[in-house]
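One structure is given below, encoded as structure tokens.
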Amino acid sequence: MDLVVLGDALLDVDVVGNADRLCPDAPVPVVDVSARRLRPGGAALAASLAAEQGLNVSLVTGWAADSSGHELRQLLGGRVRLIGVPLLGNTPSKTRVRASGQSLVRLDSGDGRVPDVPLGAEVAAALQQADGVLVADYGRGLTSNTWLRRELSRLPPSVPLVWDPHPKGADPIPRCDLVVPNRAEAARLVDVSSPVPAAVQLWRKWECGAVAITLGAQGAVVVPGAERVKAPEVPAVSDVCGAGDSFSVTAVSALMLGSAAVDAVRAAVDQASWFVANGGAASWAVTDSPKPLPTTKRPSVFDVVDRTRSWGGRVVAAGGCFDLLHPGHVSLLNRARSLGDALVVCMNSDDSVRRLKGPPRPVVAAEDRRCLLEALECVDAVAVFEENSPCSLLEQIRPDVWVKGGDYEPSQLPEKQVVESYGGRTVLLPLVDGYSTTRLLSSLQITG
């Protein structure tokens, strides 16, 4: 059976170690780190759990080609079919610092959100072929997407739709067969503390087939019918991370097999209890960071341009030699990235740098310069050109915005005419005082 999981994929990181002393300059514990463990989180965990149950899973999620996104892709390990949709910003990540089995602090990073644009033919085709759909909302914009909500409302009645909501996400659509908030989420959505009245209010508000509020070790309540489902007794555990994903995956699987809503919830309560008792999401952790993807796996400039244009995004290009990458370069590229939705860097080849700057330039070879630029979060792709100017490359890429440093006069830029010929614009950004490759080289010669 084919299941489509729609939602926000997260990278979960556990930094674990021992804490047996306090920091001398503040009353906080010092953690001697012994391991860094990674696991898929959010919709990525739900998709992985569904694949483990033998379903053919397609995961539709906002995707960024940053380091967290690469690590998350490797953790999925080909178990699910990944259908990436536009993500403005970086991959969301949650890092928990743990010592002696206890969490000390959680660090959240990644501001990525899915924009309200059409998500494309691949998503529509996956939904048309689905035997079931699970929405795993983590409040990152996907469930607010107008196009997606319309496509979900068109699902045939025979295709179960389960929605795991989030207080920062959009309301479930009335087409849902089952909506599964937990107790805390329900309390934020309605001003009722008792689970049955809360479930009734949410059921009426969302006009869905059924609502099941999960209650942790107390099981769940299901409306309509006000059915109470007890959870089996399991040993006490301190980490219940992933229990909700296990619950929602089992619920949609049961509905796909023809179960009624209350029976699907019974199966889901039992499975979630077993999942937590057997290590929960931590059992999916991989110690240490996966090896980075080879550079050949990096998206090409044209892949990035096509993907960005497919949803109406703005492409920014910046050019230069980028020999001896320094803070001035990084500042320029970060500001360039803020002008659009994807940044591609047009970089001079070694021969091109040599012709422009003279020997012994470049100091850093092209492949190494490319590697350093691709490591920057703000850079989506790098293309190397052989000519003295990137005019030929720009005619192919046709960026919406072309960025150069403010040390150039517009008359010195032959590419300005190329960019303007198709309606693009050129932006000159001021440089950071005190930084230049020539100055760095002169300083090295003096100190040497």
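In the structure tokens, chains take the letters A, B, ... in the order shown, each chain's residues start at 1, and ligands count up from 1 in the order shown.
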
Taking 6 positions as the minimum chain separation for residues in the same chain, which residues sit within 10 Å of stretch 11-20 of chain A when counting only C-alpha atoms? Answer as a PDB file with N, CA and C atoms, in the first residue's frame.
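Wrote it out as around05.pdb, contents follow:
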```
ATOM      1  N   VAL A  28      26.527  26.504  36.003  1.00  0.00           N
ATOM      2  CA  VAL A  28      25.925  25.587  35.022  1.00  0.00           C
ATOM      3  C   VAL A  28      26.817  24.357  34.897  1.00  0.00           C
ATOM      4  N   PRO A  29      26.217  23.209  34.584  1.00  0.00           N
ATOM      5  CA  PRO A  29      27.027  22.003  34.481  1.00  0.00           C
ATOM      6  C   PRO A  29      27.926  22.016  33.250  1.00  0.00           C
ATOM      7  N   VAL A  30      29.071  21.387  33.377  1.00  0.00           N
ATOM      8  CA  VAL A  30      29.979  21.159  32.250  1.00  0.00           C
ATOM      9  C   VAL A  30      29.732  19.739  31.744  1.00  0.00           C
ATOM     10  N   VAL A  31      29.408  19.604  30.471  1.00  0.00           N
ATOM     11  CA  VAL A  31      29.132  18.295  29.881  1.00  0.00           C
ATOM     12  C   VAL A  31      30.350  17.846  29.083  1.00  0.00           C
ATOM     13  N   ASP A  32      30.928  16.733  29.474  1.00  0.00           N
ATOM     14  CA  ASP A  32      31.998  16.114  28.695  1.00  0.00           C
ATOM     15  C   ASP A  32      31.342  15.230  27.633  1.00  0.00           C
ATOM     16  N   VAL A  33      31.334  15.706  26.401  1.00  0.00           N
ATOM     17  CA  VAL A  33      30.592  15.054  25.331  1.00  0.00           C
ATOM     18  C   VAL A  33      31.249  13.740  24.938  1.00  0.00           C
ATOM     19  N   SER A  34      30.427  12.697  24.887  1.00  0.00           N
ATOM     20  CA  SER A  34      30.931  11.381  24.466  1.00  0.00           C
ATOM     21  C   SER A  34      30.414  10.969  23.100  1.00  0.00           C
ATOM     22  N   ALA A  35      29.298  11.553  22.653  1.00  0.00           N
ATOM     23  CA  ALA A  35      28.749  11.158  21.352  1.00  0.00           C
ATOM     24  C   ALA A  35      27.772  12.214  20.858  1.00  0.00           C
ATOM     25  N   ARG A  36      27.619  12.239  19.553  1.00  0.00           N
ATOM     26  CA  ARG A  36      26.591  13.060  18.893  1.00  0.00           C
ATOM     27  C   ARG A  36      25.722  12.103  18.089  1.00  0.00           C
ATOM     28  N   ARG A  37      24.457  12.040  18.435  1.00  0.00           N
ATOM     29  CA  ARG A  37      23.561  11.071  17.817  1.00  0.00           C
ATOM     30  C   ARG A  37      22.492  11.796  17.011  1.00  0.00           C
ATOM     31  N   LEU A  38      22.281  11.346  15.800  1.00  0.00           N
ATOM     32  CA  LEU A  38      21.329  11.964  14.888  1.00  0.00           C
ATOM     33  C   LEU A  38      20.161  11.032  14.634  1.00  0.00           C
ATOM     34  N   ARG A  39      18.986  11.620  14.401  1.00  0.00           N
ATOM     35  CA  ARG A  39      17.835  10.809  14.031  1.00  0.00           C
ATOM     36  C   ARG A  39      16.856  11.662  13.237  1.00  0.00           C
ATOM     37  N   PRO A  40      16.062  11.035  12.380  1.00  0.00           N
ATOM     38  CA  PRO A  40      15.039  11.802  11.672  1.00  0.00           C
ATOM     39  C   PRO A  40      13.975  12.265  12.653  1.00  0.00           C
ATOM     40  N   GLY A  41      13.486  13.470  12.459  1.00  0.00           N
ATOM     41  CA  GLY A  41      12.465  14.017  13.343  1.00  0.00           C
ATOM     42  C   GLY A  41      11.276  14.544  12.568  1.00  0.00           C
ATOM     43  N   GLY A  42      10.186  14.797  13.295  1.00  0.00           N
ATOM     44  CA  GLY A  42       8.995  15.334  12.660  1.00  0.00           C
ATOM     45  C   GLY A  42       8.428  14.374  11.629  1.00  0.00           C
ATOM     46  N   ALA A  44       9.768  13.337   9.017  1.00  0.00           N
ATOM     47  CA  ALA A  44      10.764  12.356   8.575  1.00  0.00           C
ATOM     48  C   ALA A  44      10.741  11.111   9.457  1.00  0.00           C
ATOM     49  N   LEU A  45      10.515  11.290  10.764  1.00  0.00           N
ATOM     50  CA  LEU A  45      10.395  10.121  11.643  1.00  0.00           C
ATOM     51  C   LEU A  45       9.111   9.359  11.335  1.00  0.00           C
ATOM     52  N   SER A  68      22.316  20.284   7.429  1.00  0.00           N
ATOM     53  CA  SER A  68      21.301  19.516   8.160  1.00  0.00           C
ATOM     54  C   SER A  68      20.417  18.742   7.192  1.00  0.00           C
ATOM     55  N   GLY A  69      20.097  19.352   6.054  1.00  0.00           N
ATOM     56  CA  GLY A  69      19.302  18.660   5.047  1.00  0.00           C
ATOM     57  C   GLY A  69      20.026  17.451   4.488  1.00  0.00           C
ATOM     58  N   HIS A  70      21.336  17.572   4.254  1.00  0.00           N
ATOM     59  CA  HIS A  70      22.111  16.434   3.754  1.00  0.00           C
ATOM     60  C   HIS A  70      22.162  15.306   4.787  1.00  0.00           C
ATOM     61  N   GLU A  71      22.361  15.677   6.061  1.00  0.00           N
ATOM     62  CA  GLU A  71      22.400  14.650   7.102  1.00  0.00           C
ATOM     63  C   GLU A  71      21.051  13.941   7.226  1.00  0.00           C
ATOM     64  N   LEU A  72      19.983  14.702   7.113  1.00  0.00           N
ATOM     65  CA  LEU A  72      18.649  14.125   7.212  1.00  0.00           C
ATOM     66  C   LEU A  72      18.377  13.190   6.043  1.00  0.00           C
ATOM     67  N   ARG A  73      18.785  13.581   4.845  1.00  0.00           N
ATOM     68  CA  ARG A  73      18.605  12.715   3.678  1.00  0.00           C
ATOM     69  C   ARG A  73      19.328  11.381   3.878  1.00  0.00           C
ATOM     70  N   LEU A  75      20.046   9.958   6.736  1.00  0.00           N
ATOM     71  CA  LEU A  75      19.372   9.170   7.762  1.00  0.00           C
ATOM     72  C   LEU A  75      18.161   8.427   7.190  1.00  0.00           C
ATOM     73  N   THR A  91      17.076  24.104   7.114  1.00  0.00           N
ATOM     74  CA  THR A  91      16.419  22.927   7.661  1.00  0.00           C
ATOM     75  C   THR A  91      16.245  23.064   9.180  1.00  0.00           C
ATOM     76  N   PRO A  92      15.024  22.886   9.692  1.00  0.00           N
ATOM     77  CA  PRO A  92      14.834  22.939  11.142  1.00  0.00           C
ATOM     78  C   PRO A  92      15.573  21.803  11.855  1.00  0.00           C
ATOM     79  N   SER A  93      16.210  22.124  12.955  1.00  0.00           N
ATOM     80  CA  SER A  93      16.960  21.128  13.722  1.00  0.00           C
ATOM     81  C   SER A  93      16.764  21.386  15.205  1.00  0.00           C
ATOM     82  N   LYS A  94      16.651  20.284  15.976  1.00  0.00           N
ATOM     83  CA  LYS A  94      16.514  20.370  17.426  1.00  0.00           C
ATOM     84  C   LYS A  94      17.660  19.588  18.061  1.00  0.00           C
ATOM     85  N   THR A  95      18.475  20.276  18.828  1.00  0.00           N
ATOM     86  CA  THR A  95      19.626  19.652  19.472  1.00  0.00           C
ATOM     87  C   THR A  95      19.385  19.589  20.973  1.00  0.00           C
ATOM     88  N   ARG A  96      19.380  18.383  21.519  1.00  0.00           N
ATOM     89  CA  ARG A  96      19.207  18.186  22.958  1.00  0.00           C
ATOM     90  C   ARG A  96      20.551  17.828  23.576  1.00  0.00           C
ATOM     91  N   VAL A  97      20.935  18.572  24.603  1.00  0.00           N
ATOM     92  CA  VAL A  97      22.146  18.247  25.358  1.00  0.00           C
ATOM     93  C   VAL A  97      21.719  17.418  26.556  1.00  0.00           C
ATOM     94  N   ARG A  98      22.237  16.193  26.639  1.00  0.00           N
ATOM     95  CA  ARG A  98      21.799  15.247  27.664  1.00  0.00           C
ATOM     96  C   ARG A  98      23.000  14.739  28.459  1.00  0.00           C
ATOM     97  N   ALA A  99      22.789  14.567  29.748  1.00  0.00           N
ATOM     98  CA  ALA A  99      23.816  14.014  30.622  1.00  0.00           C
ATOM     99  C   ALA A  99      23.157  13.081  31.618  1.00  0.00           C
ATOM    100  N   SER A 100      23.718  11.900  31.775  1.00  0.00           N
ATOM    101  CA  SER A 100      23.193  10.891  32.706  1.00  0.00           C
ATOM    102  C   SER A 100      21.714  10.612  32.462  1.00  0.00           C
ATOM    103  N   GLY A 101      21.316  10.592  31.187  1.00  0.00           N
ATOM    104  CA  GLY A 101      19.948  10.262  30.828  1.00  0.00           C
ATOM    105  C   GLY A 101      18.962  11.399  30.951  1.00  0.00           C
ATOM    106  N   GLN A 102      19.417  12.594  31.354  1.00  0.00           N
ATOM    107  CA  GLN A 102      18.528  13.736  31.528  1.00  0.00           C
ATOM    108  C   GLN A 102      18.851  14.840  30.516  1.00  0.00           C
ATOM    109  N   SER A 103      17.815  15.479  30.001  1.00  0.00           N
ATOM    110  CA  SER A 103      18.022  16.610  29.102  1.00  0.00           C
ATOM    111  C   SER A 103      18.333  17.863  29.920  1.00  0.00           C
ATOM    112  N   LEU A 104      19.391  18.570  29.530  1.00  0.00           N
ATOM    113  CA  LEU A 104      19.781  19.804  30.205  1.00  0.00           C
ATOM    114  C   LEU A 104      19.259  21.036  29.477  1.00  0.00           C
ATOM    115  N   ARG A 106      17.625  22.351  25.258  1.00  0.00           N
ATOM    116  CA  ARG A 106      17.369  22.068  23.847  1.00  0.00           C
ATOM    117  C   ARG A 106      17.653  23.316  23.034  1.00  0.00           C
ATOM    118  N   LEU A 107      18.412  23.160  21.970  1.00  0.00           N
ATOM    119  CA  LEU A 107      18.782  24.257  21.095  1.00  0.00           C
ATOM    120  C   LEU A 107      18.091  24.072  19.750  1.00  0.00           C
ATOM    121  N   ASP A 108      17.230  25.017  19.379  1.00  0.00           N
ATOM    122  CA  ASP A 108      16.506  24.940  18.111  1.00  0.00           C
ATOM    123  C   ASP A 108      17.154  25.875  17.095  1.00  0.00           C
ATOM    124  N   SER A 109      17.299  25.383  15.880  1.00  0.00           N
ATOM    125  CA  SER A 109      17.857  26.204  14.806  1.00  0.00           C
ATOM    126  C   SER A 109      17.123  25.881  13.511  1.00  0.00           C
ATOM    127  N   GLY A 110      17.312  26.731  12.521  1.00  0.00           N
ATOM    128  CA  GLY A 110      16.652  26.531  11.233  1.00  0.00           C
ATOM    129  C   GLY A 110      15.334  27.256  11.162  1.00  0.00           C
ATOM    130  N   ALA A 281      12.033   7.215  19.929  1.00  0.00           N
ATOM    131  CA  ALA A 281      12.781   7.774  18.801  1.00  0.00           C
ATOM    132  C   ALA A 281      14.279   7.587  18.971  1.00  0.00           C
ATOM    133  N   ALA A 282      14.755   7.470  20.227  1.00  0.00           N
ATOM    134  CA  ALA A 282      16.187   7.291  20.460  1.00  0.00           C
ATOM    135  C   ALA A 282      16.719   6.023  19.817  1.00  0.00           C
ATOM    136  N   ALA A 285      18.467   6.548  16.533  1.00  0.00           N
ATOM    137  CA  ALA A 285      19.625   7.437  16.465  1.00  0.00           C
ATOM    138  C   ALA A 285      20.833   6.741  15.850  1.00  0.00           C
ATOM    139  N   VAL A 286      21.627   7.512  15.129  1.00  0.00           N
ATOM    140  CA  VAL A 286      22.885   7.054  14.553  1.00  0.00           C
ATOM    141  C   VAL A 286      23.992   7.831  15.235  1.00  0.00           C
ATOM    142  N   THR A 287      24.946   7.130  15.832  1.00  0.00           N
ATOM    143  CA  THR A 287      26.032   7.799  16.535  1.00  0.00           C
ATOM    144  C   THR A 287      26.980   8.445  15.542  1.00  0.00           C
ATOM    145  N   ASP A 288      27.318   9.696  15.840  1.00  0.00           N
ATOM    146  CA  ASP A 288      28.216  10.513  15.026  1.00  0.00           C
ATOM    147  C   ASP A 288      27.543  10.915  13.725  1.00  0.00           C
ATOM    148  N   SER A 289      28.082  11.950  13.149  1.00  0.00           N
ATOM    149  CA  SER A 289      27.499  12.512  11.932  1.00  0.00           C
ATOM    150  C   SER A 289      27.770  11.607  10.749  1.00  0.00           C
TER     151      SER A 289
END
```

**OP:** Just the strand (DSSP E or B) stuff from stretch 50-196 of chain A, please, per backbone DSSP, written as a PyMOL selection string.
**Re:** chain A and resi 56-62+81-85+88+93-99+102-109+113+132-136+161-164+178-179+182

Subject >> Contacts of stretch 182-195 of chain A at 10 Å (only C-alpha atoms; same-chain gap of 3+ positions) as number ranges by chain >> reply: A: 164-168, 171, 179, 198-202, 205, 212-216, 220-222, 226, 228, 244

Take the residues that were just selected and, keeping C-alpha atoms, output them as a short mmCIF file (atom, residue, chain, number, x, y, z; two decimals), in the first residue's frame.
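After the write, again.cif holds the following:
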```
data_model
loop_
_atom_site.label_atom_id
_atom_site.label_comp_id
_atom_site.auth_asym_id
_atom_site.auth_seq_id
_atom_site.Cartn_x
_atom_site.Cartn_y
_atom_site.Cartn_z
CA ASP A 164 -1.55 15.33 13.31
CA PRO A 165 -1.95 19.07 14.03
CA HIS A 166 0.35 21.68 15.53
CA PRO A 167 -0.69 24.87 17.39
CA LYS A 168 1.43 26.95 14.97
CA ASP A 171 -6.46 23.99 10.98
CA VAL A 179 -7.40 14.33 13.64
CA ALA A 198 -12.26 19.40 24.31
CA ALA A 199 -12.49 16.66 21.68
CA VAL A 200 -16.17 17.47 21.09
CA GLN A 201 -15.37 21.16 20.57
CA LEU A 202 -12.53 20.38 18.17
CA LYS A 205 -14.82 23.20 14.90
CA ALA A 212 -8.75 11.50 19.06
CA ILE A 213 -6.92 13.35 21.83
CA THR A 214 -3.92 11.35 22.99
CA LEU A 215 -3.28 11.31 26.74
CA GLY A 216 0.10 9.62 27.04
CA ALA A 220 -6.81 8.45 24.31
CA VAL A 221 -10.39 9.66 23.92
CA VAL A 222 -12.26 9.47 20.62
CA ALA A 226 -16.75 9.72 23.61
CA ARG A 228 -12.03 6.09 26.07
CA GLY A 244 2.86 10.90 18.58
#
```

Original post:
Near A:Asn145, within 10 Å and counting only C-alpha atoms, which residues show up once chain neighbours fewer than 6 positions away are dropped, as a ChimeraX atom specification?
Top reply: /A:114-119,170

Original post:
In Å, how far is it from atom CA of A:Val419 to atom CA of A:Ala318?
Top reply: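 Straight-line distance from atom CA of A:Val419 to atom CA of A:Ala318 works out to 12.0 Å.
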
All alpha helix (DSSP H) residues (DSSP, backbone) inside stretch 315-377 of chain A, as a compact mmCIF listing (two decimals) with N, CA, C and O atoms, in the first residue's frame:
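To be explicit, this is the file written out as states.txt:
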```
# COMPACT_ATOMS: atom_id res chain seq x y z
N PRO A 327 36.16 37.22 5.70
CA PRO A 327 34.86 37.72 6.18
C PRO A 327 34.18 38.71 5.23
O PRO A 327 32.95 38.79 5.21
N GLY A 328 34.95 39.46 4.46
CA GLY A 328 34.33 40.36 3.49
C GLY A 328 33.53 39.61 2.44
O GLY A 328 32.43 40.01 2.06
N HIS A 329 34.11 38.49 1.96
CA HIS A 329 33.38 37.64 1.01
C HIS A 329 32.10 37.09 1.63
O HIS A 329 31.03 37.12 1.01
N VAL A 330 32.21 36.58 2.85
CA VAL A 330 31.06 35.97 3.51
C VAL A 330 29.95 36.99 3.72
O VAL A 330 28.77 36.71 3.50
N SER A 331 30.32 38.20 4.13
CA SER A 331 29.32 39.25 4.30
C SER A 331 28.63 39.57 2.99
O SER A 331 27.39 39.71 2.94
N LEU A 332 29.40 39.70 1.91
CA LEU A 332 28.82 39.98 0.60
C LEU A 332 27.83 38.90 0.19
O LEU A 332 26.71 39.19 -0.27
N LEU A 333 28.20 37.64 0.36
CA LEU A 333 27.35 36.54 -0.07
C LEU A 333 26.09 36.43 0.80
O LEU A 333 25.01 36.12 0.29
N ASN A 334 26.22 36.66 2.08
CA ASN A 334 25.03 36.65 2.94
C ASN A 334 24.05 37.74 2.55
O ASN A 334 22.84 37.51 2.49
N ARG A 335 24.56 38.92 2.26
CA ARG A 335 23.67 40.01 1.83
C ARG A 335 23.08 39.73 0.46
O ARG A 335 21.91 40.06 0.21
N ALA A 336 23.85 39.10 -0.42
CA ALA A 336 23.32 38.74 -1.73
C ALA A 336 22.18 37.75 -1.60
O ALA A 336 21.14 37.87 -2.26
N ARG A 337 22.35 36.75 -0.73
CA ARG A 337 21.31 35.73 -0.54
C ARG A 337 20.00 36.35 -0.03
O ARG A 337 18.90 35.87 -0.36
N ASP A 350 40.92 28.88 -12.45
CA ASP A 350 42.32 29.22 -12.15
C ASP A 350 42.95 30.04 -13.26
O ASP A 350 43.63 31.04 -13.00
N ASP A 351 42.74 29.63 -14.52
CA ASP A 351 43.32 30.39 -15.65
C ASP A 351 42.74 31.79 -15.72
O ASP A 351 43.45 32.75 -16.02
N SER A 352 41.44 31.89 -15.46
CA SER A 352 40.80 33.20 -15.50
C SER A 352 41.37 34.12 -14.41
O SER A 352 41.66 35.29 -14.67
N VAL A 353 41.55 33.61 -13.21
CA VAL A 353 42.14 34.40 -12.13
C VAL A 353 43.56 34.82 -12.50
O VAL A 353 43.98 35.97 -12.29
N ARG A 354 44.31 33.90 -13.08
CA ARG A 354 45.71 34.18 -13.43
C ARG A 354 45.80 35.30 -14.46
O ARG A 354 46.66 36.17 -14.38
N ARG A 355 44.87 35.28 -15.43
CA ARG A 355 44.89 36.34 -16.44
C ARG A 355 44.52 37.70 -15.84
O ARG A 355 45.06 38.73 -16.22
N LEU A 356 43.57 37.69 -14.90
CA LEU A 356 43.10 38.94 -14.31
C LEU A 356 44.05 39.49 -13.25
O LEU A 356 44.25 40.70 -13.15
N LYS A 357 44.62 38.61 -12.43
CA LYS A 357 45.40 39.04 -11.27
C LYS A 357 46.90 38.89 -11.46
O LYS A 357 47.68 39.52 -10.73
N ALA A 366 40.91 26.15 -7.84
CA ALA A 366 39.48 26.30 -8.09
C ALA A 366 38.64 25.28 -7.31
O ALA A 366 37.61 25.64 -6.74
N GLU A 367 39.05 24.03 -7.30
CA GLU A 367 38.23 23.01 -6.63
C GLU A 367 38.15 23.27 -5.13
O GLU A 367 37.11 23.05 -4.51
N ASP A 368 39.25 23.76 -4.55
CA ASP A 368 39.23 24.08 -3.13
C ASP A 368 38.39 25.33 -2.86
O ASP A 368 37.67 25.42 -1.86
N ARG A 369 38.48 26.31 -3.76
CA ARG A 369 37.64 27.51 -3.61
C ARG A 369 36.16 27.14 -3.71
O ARG A 369 35.32 27.63 -2.96
N ARG A 370 35.85 26.27 -4.66
CA ARG A 370 34.47 25.82 -4.80
C ARG A 370 33.98 25.12 -3.52
O ARG A 370 32.87 25.36 -3.05
N CYS A 371 34.83 24.26 -2.97
CA CYS A 371 34.47 23.51 -1.76
C CYS A 371 34.17 24.46 -0.60
O CYS A 371 33.18 24.28 0.12
N LEU A 372 34.98 25.50 -0.43
CA LEU A 372 34.76 26.46 0.65
C LEU A 372 33.47 27.23 0.45
O LEU A 372 32.71 27.45 1.40
N LEU A 373 33.19 27.64 -0.79
CA LEU A 373 31.96 28.38 -1.05
C LEU A 373 30.73 27.51 -0.82
O LEU A 373 29.73 27.96 -0.26
N GLU A 374 30.78 26.25 -1.27
CA GLU A 374 29.63 25.36 -1.11
C GLU A 374 29.36 25.05 0.35
O GLU A 374 28.24 24.66 0.72
```

**OP:** Mind checking which residues fall within 9 Å of A:Val269, counting only C-alpha atoms, ignoring those fewer than 3 positions away in the same chain, and posting them as a ChimeraX atom specification?
**Re:** /A:214,216,219-220,229-232,246-247,250-251,264-266,272-274

Keeping only all heavy atoms, write those residues as a short mmCIF file (atom, residue, chain, number, x, y, z; two decimals), in the first residue's frame.
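Result went into result01.cif, see below:
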```
data_model
loop_
_atom_site.label_atom_id
_atom_site.label_comp_id
_atom_site.auth_asym_id
_atom_site.auth_seq_id
_atom_site.Cartn_x
_atom_site.Cartn_y
_atom_site.Cartn_z
N THR A 214 -4.79 12.31 22.32
CA THR A 214 -3.92 11.35 22.99
C THR A 214 -3.54 11.87 24.36
O THR A 214 -3.29 13.07 24.55
CB THR A 214 -2.67 11.08 22.15
OG1 THR A 214 -1.96 12.31 21.91
CG2 THR A 214 -3.05 10.47 20.81
N GLY A 216 -1.10 10.27 26.52
CA GLY A 216 0.10 9.62 27.04
C GLY A 216 -0.21 8.27 27.65
O GLY A 216 -0.88 7.43 27.05
N GLY A 219 -3.78 6.78 27.61
CA GLY A 219 -4.43 6.32 26.39
C GLY A 219 -4.93 7.46 25.52
O GLY A 219 -4.19 8.38 25.18
N ALA A 220 -6.24 7.44 25.19
CA ALA A 220 -6.81 8.45 24.31
C ALA A 220 -8.32 8.49 24.47
O ALA A 220 -8.92 7.54 25.00
CB ALA A 220 -6.44 8.16 22.85
N VAL A 229 -10.01 5.02 25.32
CA VAL A 229 -9.12 3.91 24.98
C VAL A 229 -7.99 3.89 25.99
O VAL A 229 -7.23 4.87 26.11
CB VAL A 229 -8.57 4.04 23.56
CG1 VAL A 229 -7.62 2.90 23.24
CG2 VAL A 229 -9.72 4.09 22.55
N LYS A 230 -7.87 2.81 26.74
CA LYS A 230 -6.83 2.71 27.76
C LYS A 230 -5.52 2.24 27.12
O LYS A 230 -5.51 1.44 26.19
CB LYS A 230 -7.25 1.73 28.86
CG LYS A 230 -8.42 2.22 29.71
CD LYS A 230 -8.71 1.24 30.83
CE LYS A 230 -9.84 1.75 31.73
NZ LYS A 230 -10.11 0.79 32.84
N ALA A 231 -4.44 2.73 27.68
CA ALA A 231 -3.12 2.29 27.23
C ALA A 231 -2.66 1.11 28.06
O ALA A 231 -2.98 1.02 29.26
CB ALA A 231 -2.12 3.44 27.36
N PRO A 232 -1.93 0.17 27.47
CA PRO A 232 -1.38 -0.94 28.25
C PRO A 232 -0.34 -0.44 29.25
O PRO A 232 0.28 0.62 29.03
CB PRO A 232 -0.74 -1.84 27.19
CG PRO A 232 -0.44 -0.93 26.05
CD PRO A 232 -1.53 0.10 26.05
N SER A 246 4.48 7.69 16.09
CA SER A 246 4.14 6.27 16.07
C SER A 246 2.63 6.08 16.10
O SER A 246 2.07 5.24 15.37
CB SER A 246 4.79 5.57 17.27
OG SER A 246 4.41 4.21 17.33
N PHE A 247 1.94 6.88 16.93
CA PHE A 247 0.48 6.80 17.04
C PHE A 247 -0.18 7.11 15.71
O PHE A 247 -1.04 6.36 15.22
CB PHE A 247 0.00 7.77 18.12
CG PHE A 247 -1.48 7.78 18.33
CD1 PHE A 247 -2.07 7.02 19.33
CD2 PHE A 247 -2.32 8.55 17.52
CE1 PHE A 247 -3.45 7.03 19.53
CE2 PHE A 247 -3.69 8.56 17.71
CZ PHE A 247 -4.25 7.80 18.71
N THR A 250 0.35 4.45 12.90
CA THR A 250 -0.45 3.24 13.11
C THR A 250 -1.93 3.50 12.84
O THR A 250 -2.63 2.65 12.27
CB THR A 250 -0.26 2.71 14.54
OG1 THR A 250 1.14 2.49 14.77
CG2 THR A 250 -1.00 1.40 14.75
N ALA A 251 -2.40 4.68 13.22
CA ALA A 251 -3.81 5.02 12.99
C ALA A 251 -4.14 5.04 11.51
O ALA A 251 -5.14 4.47 11.07
CB ALA A 251 -4.13 6.36 13.63
N ALA A 264 -8.95 1.95 15.02
CA ALA A 264 -7.64 2.46 14.60
C ALA A 264 -6.92 3.12 15.76
O ALA A 264 -5.71 2.98 15.94
CB ALA A 264 -7.82 3.44 13.45
N VAL A 265 -7.69 3.84 16.61
CA VAL A 265 -7.09 4.50 17.76
C VAL A 265 -6.61 3.46 18.78
O VAL A 265 -5.54 3.62 19.39
CB VAL A 265 -8.08 5.49 18.39
CG1 VAL A 265 -7.57 6.01 19.74
CG2 VAL A 265 -8.34 6.65 17.44
N ARG A 266 -7.38 2.39 18.97
CA ARG A 266 -6.93 1.32 19.89
C ARG A 266 -5.59 0.74 19.44
O ARG A 266 -4.68 0.55 20.24
CB ARG A 266 -7.99 0.21 19.95
CG ARG A 266 -9.24 0.57 20.73
CD ARG A 266 -10.06 -0.69 21.04
NE ARG A 266 -11.31 -0.35 21.69
CZ ARG A 266 -12.47 -0.23 21.06
NH1 ARG A 266 -12.54 -0.45 19.75
NH2 ARG A 266 -13.57 0.09 21.74
N ALA A 272 1.95 2.87 20.09
CA ALA A 272 2.72 3.98 20.66
C ALA A 272 3.29 3.60 22.02
O ALA A 272 4.43 3.96 22.35
CB ALA A 272 1.84 5.22 20.77
N SER A 273 2.52 2.86 22.82
CA SER A 273 3.03 2.41 24.13
C SER A 273 4.21 1.47 23.96
O SER A 273 5.23 1.58 24.66
CB SER A 273 1.90 1.71 24.90
OG SER A 273 0.82 2.59 25.14
N TRP A 274 4.09 0.55 23.02
CA TRP A 274 5.20 -0.38 22.74
C TRP A 274 6.42 0.38 22.24
O TRP A 274 7.55 0.09 22.64
CB TRP A 274 4.75 -1.41 21.70
CG TRP A 274 5.82 -2.39 21.34
CD1 TRP A 274 6.06 -3.61 21.93
CD2 TRP A 274 6.82 -2.24 20.32
NE1 TRP A 274 7.14 -4.22 21.34
CE2 TRP A 274 7.63 -3.40 20.35
CE3 TRP A 274 7.11 -1.25 19.39
CZ2 TRP A 274 8.69 -3.58 19.48
CZ3 TRP A 274 8.18 -1.42 18.53
CH2 TRP A 274 8.95 -2.56 18.57
#
```

**OP:** For each of A:Gly405, A:Pro414, A:Gly242, A:Pro224, take the minimum atom-to-atom distance to A:Ala261, counting only C-alpha atoms, then give the residue where this is smallest.
**Re:**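 Closest residue, counting only C-alpha atoms: A:Pro224.
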
Original post:
So, counting only C-alpha atoms, which residue among A:Ala260, A:Gly54, A:Leu6, A:Asp341 is closest to A:Arg149?
Top reply: A:Leu6
